[in-house]
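Structure file entry.cif (mmCIF, C-alpha atoms) is printed below.
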```cif
data_coords
#
loop_
_atom_site.label_atom_id
_atom_site.label_comp_id
_atom_site.auth_asym_id
_atom_site.auth_seq_id
_atom_site.Cartn_x
_atom_site.Cartn_y
_atom_site.Cartn_z
CA MET A 265 261.82 155.94 74.93
CA ILE A 266 260.83 152.91 72.83
CA SER A 267 259.41 153.60 69.39
CA ASP A 268 256.10 151.88 68.60
CA ASN A 269 257.50 150.62 65.27
CA ILE A 270 260.53 148.92 66.80
CA GLY A 271 261.25 145.38 65.59
CA ILE A 272 260.32 142.39 67.75
CA ARG A 273 263.92 141.39 68.44
CA ARG A 274 265.00 144.92 69.33
CA LEU A 275 261.89 145.38 71.48
CA LYS A 276 262.75 142.28 73.47
CA GLU A 277 266.33 143.47 73.92
CA LYS A 278 265.15 146.90 75.08
CA ILE A 279 262.62 145.45 77.55
CA LEU A 280 265.33 143.19 78.97
CA GLU A 281 267.59 146.20 79.41
CA LEU A 282 264.82 148.03 81.29
CA LEU A 283 264.07 145.02 83.49
CA LYS A 284 267.71 144.77 84.55
CA ALA A 285 267.60 148.24 86.11
CA ASP A 286 267.27 148.55 89.88
CA ASP A 287 264.54 151.19 89.43
CA LEU A 288 261.55 150.22 87.27
CA THR A 289 260.30 153.79 86.81
CA GLU A 290 261.67 154.10 83.27
CA CYS A 291 260.35 150.64 82.41
CA PHE A 292 256.84 151.56 83.53
CA GLN A 293 256.99 154.85 81.63
CA ASP A 294 258.32 153.41 78.37
CA LEU A 295 256.15 150.31 78.21
CA SER A 296 252.98 152.19 79.13
CA LEU A 297 253.38 154.12 75.86
CA LEU A 298 253.26 150.93 73.77
CA PRO A 299 250.24 148.77 72.92
CA ALA A 300 250.00 146.18 75.69
CA ARG A 301 249.61 143.40 73.13
CA GLN A 302 253.01 144.34 71.75
CA VAL A 303 254.79 143.67 75.04
CA MET A 304 252.85 140.57 76.17
CA ASN A 305 255.09 137.95 74.58
CA PRO A 306 258.40 139.50 75.67
CA LEU A 307 257.13 139.81 79.25
CA LEU A 308 255.96 136.19 79.24
CA SER A 309 259.37 135.03 78.08
CA PHE A 310 261.10 136.90 80.90
CA LEU A 311 259.00 135.20 83.60
CA CYS A 312 261.44 132.31 83.40
CA HIS A 313 264.64 134.29 82.79
CA GLU A 314 267.84 133.00 84.42
CA SER A 315 268.29 136.29 86.30
CA GLU A 316 266.31 136.43 89.55
CA LEU A 317 266.05 140.22 89.28
CA VAL A 318 264.75 140.09 85.70
CA ARG A 319 262.17 137.44 86.59
CA TRP A 320 260.72 139.40 89.49
CA HIS A 321 260.81 142.69 87.64
CA ALA A 322 258.97 141.01 84.77
CA ILE A 323 256.30 139.85 87.22
CA THR A 324 255.95 143.37 88.64
CA VAL A 325 255.77 145.01 85.23
CA THR A 326 253.31 142.39 83.96
CA GLY A 327 250.93 143.32 86.78
CA PHE A 328 251.26 147.01 85.97
CA ILE A 329 250.77 146.60 82.20
CA MET A 330 247.89 144.12 82.41
CA GLY A 331 246.17 146.13 85.12
CA ASN A 332 246.22 149.18 82.88
CA LEU A 333 245.10 147.14 79.87
CA ALA A 334 242.13 145.73 81.77
CA ASP A 335 240.82 149.27 82.33
CA ARG A 336 240.67 149.80 78.55
CA ASP A 337 240.28 146.32 77.09
CA THR A 338 239.18 143.78 79.67
CA GLU A 339 238.85 140.93 77.19
CA SER A 340 242.49 141.22 76.06
CA ALA A 341 243.59 141.14 79.69
CA ARG A 342 241.45 138.03 80.18
CA VAL A 343 243.18 136.41 77.21
CA PHE A 344 246.53 137.02 78.89
CA MET A 345 245.27 135.58 82.19
CA ARG A 346 244.02 132.51 80.36
CA ARG A 347 247.45 132.07 78.80
CA LEU A 348 248.98 132.04 82.27
CA MET A 349 246.36 129.58 83.46
CA TRP A 350 246.95 127.32 80.47
CA SER A 351 250.67 127.23 81.21
CA LEU A 352 249.83 125.65 84.59
CA ASN A 353 247.68 122.99 82.97
CA GLU A 354 249.37 119.62 82.51
CA GLU A 355 247.98 119.47 78.99
CA SER A 356 250.01 122.55 78.02
CA GLY A 357 253.21 120.49 77.99
CA GLY A 358 255.02 123.31 79.81
CA ILE A 359 255.92 124.09 83.40
CA GLY A 360 254.35 127.51 83.93
CA TRP A 361 257.37 129.15 85.58
CA GLY A 362 256.37 132.55 86.95
CA SER A 363 252.72 132.17 86.00
CA PRO A 364 251.25 131.98 89.53
CA GLU A 365 253.24 135.03 90.60
CA ALA A 366 252.21 136.98 87.49
CA MET A 367 248.56 136.06 87.95
CA ALA A 368 248.66 137.25 91.55
CA GLU A 369 250.43 140.48 90.66
CA ILE A 370 247.87 141.24 87.96
CA MET A 371 245.02 140.61 90.38
CA ALA A 372 246.69 142.76 93.01
CA CYS A 373 246.78 145.56 90.43
CA HIS A 374 243.22 145.21 89.13
CA ALA A 375 240.12 144.65 91.26
CA GLY A 376 237.92 143.41 88.42
CA LEU A 377 240.33 140.71 87.33
CA ALA A 378 240.87 139.78 90.96
CA GLU A 379 237.18 139.16 91.55
CA GLU A 380 237.02 137.07 88.39
CA TYR A 381 240.13 134.94 88.78
CA ALA A 382 240.81 134.71 92.53
CA PRO A 383 238.68 131.55 92.84
CA VAL A 384 240.81 129.92 90.14
CA PHE A 385 243.95 130.93 91.99
CA VAL A 386 242.68 129.50 95.27
CA SER A 387 241.93 126.24 93.46
CA TYR A 388 245.67 125.77 92.82
CA LEU A 389 246.05 125.24 96.58
CA ASN A 390 243.20 122.79 96.88
CA PRO A 391 244.12 119.08 96.69
CA LYS A 392 240.65 118.48 95.25
CA GLY A 393 240.84 121.42 92.87
CA ASN A 394 243.40 122.43 90.26
CA PHE A 395 246.15 121.42 92.65
CA VAL A 396 249.72 122.37 91.72
CA GLU A 397 251.89 119.46 92.82
CA TYR A 398 255.41 120.57 91.90
CA ASP A 399 257.20 122.15 94.89
CA LEU A 400 258.92 124.82 92.83
CA LEU A 401 255.60 125.94 91.35
CA GLN A 402 254.00 125.80 94.79
CA ARG A 403 256.50 128.45 95.82
CA GLY A 404 254.94 130.74 93.23
CA VAL A 405 251.41 129.92 94.31
CA LEU A 406 252.23 130.60 97.97
CA TRP A 407 253.99 133.86 97.07
CA GLY A 408 250.90 134.84 95.11
CA LEU A 409 248.69 133.96 98.07
CA VAL A 410 250.73 136.23 100.33
CA ARG A 411 250.54 139.00 97.72
CA LEU A 412 246.76 138.72 97.51
CA ALA A 413 246.27 138.16 101.24
CA LYS A 414 247.97 141.52 101.77
CA SER A 415 246.10 143.37 99.01
CA ARG A 416 242.71 141.63 98.62
CA PRO A 417 242.31 139.24 101.58
CA ALA A 418 238.56 138.74 101.23
CA LEU A 419 239.00 137.26 97.77
CA VAL A 420 241.43 134.55 98.91
CA ALA A 421 239.88 133.80 102.29
CA GLY A 422 238.88 130.38 100.96
CA ALA A 423 242.55 129.40 100.85
CA ALA A 424 242.70 129.40 104.65
CA MET A 425 241.42 125.82 104.88
CA HIS A 426 244.32 124.55 102.75
CA ILE A 427 247.23 126.37 104.41
CA GLY A 428 247.94 123.70 107.01
CA ASN A 429 249.17 121.24 104.38
CA TYR A 430 251.85 123.66 103.20
CA LEU A 431 253.14 124.35 106.70
CA GLU A 432 254.40 120.77 106.67
CA SER A 433 255.97 120.93 103.20
CA GLY A 434 259.45 119.54 102.63
CA ASP A 435 260.31 122.78 100.82
CA ALA A 436 261.51 125.64 103.05
CA VAL A 437 260.22 128.39 100.75
CA VAL A 438 256.76 126.84 100.72
CA ARG A 439 256.75 126.42 104.52
CA GLY A 440 257.88 129.98 105.12
CA LEU A 441 255.43 131.61 102.73
CA ALA A 442 252.63 129.42 104.07
CA ALA A 443 253.45 130.60 107.60
CA TRP A 444 253.17 134.22 106.50
CA ALA A 445 249.91 133.54 104.66
CA ALA A 446 248.52 131.69 107.69
CA GLY A 447 248.89 134.85 109.73
CA LEU A 448 247.57 137.17 107.06
CA LEU A 449 244.47 135.01 106.57
CA GLN A 450 243.95 134.61 110.34
CA THR A 451 243.99 130.81 110.25
CA HIS A 452 243.94 130.28 114.01
CA GLY A 453 243.53 126.56 113.55
CA ASN A 454 247.16 126.43 112.41
CA HIS A 455 248.55 127.98 115.59
CA SER A 456 250.24 124.76 116.75
CA LYS A 457 251.77 124.12 113.33
CA LEU A 458 253.19 127.64 113.28
CA ARG A 459 254.69 127.15 116.72
CA ALA A 460 256.29 123.93 115.49
CA LEU A 461 258.18 126.00 112.90
CA LEU A 462 259.78 128.29 115.48
CA GLY A 463 262.88 126.11 115.47
CA ASP A 464 263.07 125.89 111.67
CA GLU A 465 266.22 127.74 110.61
CA ALA A 466 266.02 126.83 106.91
CA PRO A 467 266.76 129.95 104.83
CA LEU A 468 264.62 131.48 102.11
CA ARG A 469 264.84 134.61 100.00
CA VAL A 470 261.64 136.51 99.29
CA TYR A 471 260.96 139.32 96.82
CA PHE A 472 258.39 141.84 98.03
CA ASP A 473 257.76 145.55 97.48
CA GLY A 474 260.69 145.75 95.08
CA THR A 475 263.22 144.26 97.50
CA PHE A 476 264.80 140.87 98.15
CA VAL A 477 264.75 139.92 101.83
CA GLN A 478 266.54 136.98 103.44
CA TYR A 479 264.47 135.12 106.03
CA ARG A 480 264.51 131.88 107.96
CA VAL A 481 261.31 129.84 108.11
CA LEU A 482 261.13 130.62 111.84
CA ASP A 483 261.15 134.35 111.05
CA LEU A 484 258.02 133.99 108.95
CA ALA A 485 256.47 131.66 111.53
CA GLU A 486 256.99 134.42 114.10
CA LYS A 487 255.45 136.91 111.66
CA GLY A 488 252.46 134.61 111.19
CA LEU A 489 251.96 134.16 114.92
CA ALA A 490 252.25 137.90 115.50
CA LEU A 491 249.54 138.50 112.89
CA LEU A 492 247.30 135.92 114.57
CA SER A 493 247.65 137.70 117.89
CA GLN A 494 246.49 141.04 116.51
#
```
Representation of the structure as structure tokens:
Amino acid sequence: MISDNIGIRRLKEKILELLKADDLTECFQDLSLLPARQVMNPLLSFLCHESELVRWHAITVTGFIMGNLADRDTESARVFMRRLMWSLNEESGGIGWGSPEAMAEIMACHAGLAEEYAPVFVSYLNPKGNFVEYDLLQRGVLWGLVRLAKSRPALVAGAAMHIGNYLESGDAVVRGLAAWAAGLLQTHGNHSKLRALLGDEAPLRVYFDGTFVQYRVLDLAEKGLALLSQ
């Protein structure tokens, strides 16, 4: 258990230790006992950690912690969401690694924040909106779209009109996640583009439901087409 008077450096070390575990149960239990504001900065820093496991666990835990915080102190949770949004703004001077995924995970965990911020999230996919141009960040936006399309599809239905562009991306992760999202959002107008991906053997690794899964783009195109046929 983490003491609430632990120093900042030791807190960060302890959170990192918890995030490295295969099972996040202890992490959820320990961090839920601390003031959410106390763990915000360490969690933000781990969104761009060199370890793939730590990064994704930080995203998962961020959703859990901020979802709980929003039930008690909505404005503080909004402040955190705005920090993530700012990191994706060119004026921030940063890159925003992990921010789209964290935003989506928070919205998946809290209905109120989802209703408030889903339109902003959809705008990251819109070439005429707050479009995210960098391929590596687009991966995060498309992952977040899949996350929300599975948990709160009505709130991201507006993204359906933009999916076709991503099915033709030069980045395999973006193409694969877009194919999955196209099926989840029932974008029947992209049927031919999905079929065109059935020969795409480019690999991608996706984290979902606490597990890393290896796919090929064609696997997710098949998943998308299967969802369209339901």
Subject >> Residue among A:Thr451, A:Ser456, A:Gln494, A:Thr289 lying closest to His321 in chain A, counting only C-alpha atoms >> reply: A:Thr289
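CA of Arg403 in chain A is positioned 19.9 Å from CA of Leu462 in chain A.
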**OP:** Could you check which of A:Tyr479, A:Phe328, A:Tyr388, A:Tyr430 is closest to Ala372 in chain A, using all atoms listed in the file?
**Re:**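 Using all atoms listed in the file, Ala372 in chain A sits closest to A:Phe328.
Minimum distance to Ile329 in chain A across A:Met371, A:Arg416, A:Leu352, A:Glu314 (counting all atoms listed in the file) occurs at A:Met371.
Nearest-residue note for Gly404 in chain A: choosing from A:Met345, A:Val477, A:Cys312, A:Leu484, the minimum distance belongs to A:Cys312, counting all atoms listed in the file.
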Original post:
Can you list, as number ranges by chain, every protein, DNA or RNA residue that comes within 12 Å of Asn305 in chain A when you count all atoms listed in the file, leaving out same-chain residues fewer than 4 positions away?
Top reply: A: 272-273, 275-276, 279, 299-301, 309-311, 322, 326, 344, 347-348
Could you produce a table of the residues of range 395-463 of chain A lying within 9 Å of range 376-386 of chain A, with the nearest pair of atoms per residue and their separation in Å rounded to one decimal, using all atoms listed in the file, ordered by chain and increasing residue number, as a tab-separated table?
```
residue	atom	partner	partner_atom	distance
A:Val405	CA	A:Phe385	CA	7.9
A:Gly408	CA	A:Phe385	CA	8.6
A:Leu409	CA	A:Val386	CA	8.0
A:Leu412	CA	A:Ala382	CA	8.7
A:Arg416	CA	A:Ala378	CA	8.1
A:Leu419	CA	A:Ala382	CA	6.1
A:Val420	CA	A:Val386	CA	6.3
A:Ala421	CA	A:Val386	CA	8.7
A:Gly422	CA	A:Val386	CA	6.9
A:Ala423	CA	A:Val386	CA	5.6
```
**OP:** Using CA of Leu491 in chain A and CA of Ser363 in chain A as the two end points, give the distance in Å to one decimal.
**Re:**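 Between CA of Leu491 in chain A and CA of Ser363 in chain A the gap works out to 27.8 Å.
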**OP:** For CA of Ala366 in chain A and CA of Glu465 in chain A, quote the distance in Å rounded to one decimal.
**Re:** 28.6 Å
Original post:
Nearest to Leu333 in chain A among A:Ala424, A:Ala466, A:Leu282, A:Cys373, with distances taken over all atoms listed in the file: which residue is it?
Top reply: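 Under the stated criterion, the closest residue is A:Cys373.
Residue nearest Arg459 in chain A, chosen from A:Thr475, A:Glu486, A:Ala446, A:Val481 and counting all atoms listed in the file: A:Glu486.
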Subject >> Expansion of the PyMOL selection byres ((chain A and resi 489) around 8) into residues, as a list in words >> reply: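 This file gives the following for the PyMOL selection byres ((chain A and resi 489) around 8): Gly447, His455, Leu458, Arg459, Ala485, Glu486, Lys487, Gly488, Ala490, Leu491, Leu492 and Ser493 of chain A.
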Where's the centre, and what are the edge lengths in Å to one decimal, of a box along x, y and z enclosing all listed atoms of range 390-394 of chain A padded 8 Å per side, as lines of an AutoDock Vina configuration file?
```
center_x = 242.4
center_y = 120.6
center_z = 93.6
size_x = 19.5
size_y = 20.3
size_z = 22.6
```
Subject >> Residues returned when the PyMOL selection byres ((chain A and resi 401) around 9) runs on this file, as number ranges by chain >> reply: A: 352, 359-364, 396-400, 402-406
**OP:** Taking the file above as input, evaluate the PyMOL selection byres ((chain A and resi 467) around 12) and report the hits as a ChimeraX atom specification.
**Re:** /A:435-441,463-466,468-470,477-484
Original post:
Mind listing as a ChimeraX atom specification all residues within 10 Å of (264.2, 142.2, 83.3), counting all atoms listed in the file?
Top reply: /A:276-286,288,291,306-307,310-311,313-325
Please output range 454-465 of chain A, rebuilt to include N, CA and C atoms, as a CSV table (one decimal), keeping the file's coordinate frame.
```csv
chain,number,residue,atom,x,y,z
A,454,ASN,N,245.8,126.8,112.7
A,454,ASN,CA,247.2,126.4,112.4
A,454,ASN,C,248.2,126.9,113.4
A,455,HIS,N,247.7,127.4,114.6
A,455,HIS,CA,248.6,128.0,115.6
A,455,HIS,C,249.6,127.0,116.0
A,456,SER,N,249.3,125.7,116.3
A,456,SER,CA,250.2,124.8,116.8
A,456,SER,C,251.3,124.4,115.7
A,457,LYS,N,250.8,124.4,114.4
A,457,LYS,CA,251.8,124.1,113.3
A,457,LYS,C,252.8,125.3,113.2
A,458,LEU,N,252.3,126.5,113.4
A,458,LEU,CA,253.2,127.6,113.3
A,458,LEU,C,254.2,127.6,114.4
A,459,ARG,N,253.8,127.2,115.6
A,459,ARG,CA,254.7,127.2,116.7
A,459,ARG,C,255.7,126.1,116.5
A,460,ALA,N,255.4,125.0,115.8
A,460,ALA,CA,256.3,123.9,115.5
A,460,ALA,C,257.4,124.4,114.6
A,461,LEU,N,257.2,125.5,113.8
A,461,LEU,CA,258.2,126.0,112.9
A,461,LEU,C,259.1,127.0,113.6
A,462,LEU,N,258.9,127.3,114.8
A,462,LEU,CA,259.8,128.3,115.5
A,462,LEU,C,261.2,127.8,115.6
A,463,GLY,N,261.5,126.6,115.4
A,463,GLY,CA,262.9,126.1,115.5
A,463,GLY,C,263.4,125.8,114.1
A,464,ASP,N,262.7,126.2,113.1
A,464,ASP,CA,263.1,125.9,111.7
A,464,ASP,C,264.0,127.0,111.1
A,465,GLU,N,265.3,126.7,111.0
A,465,GLU,CA,266.2,127.7,110.6
A,465,GLU,C,266.5,127.7,109.1
```
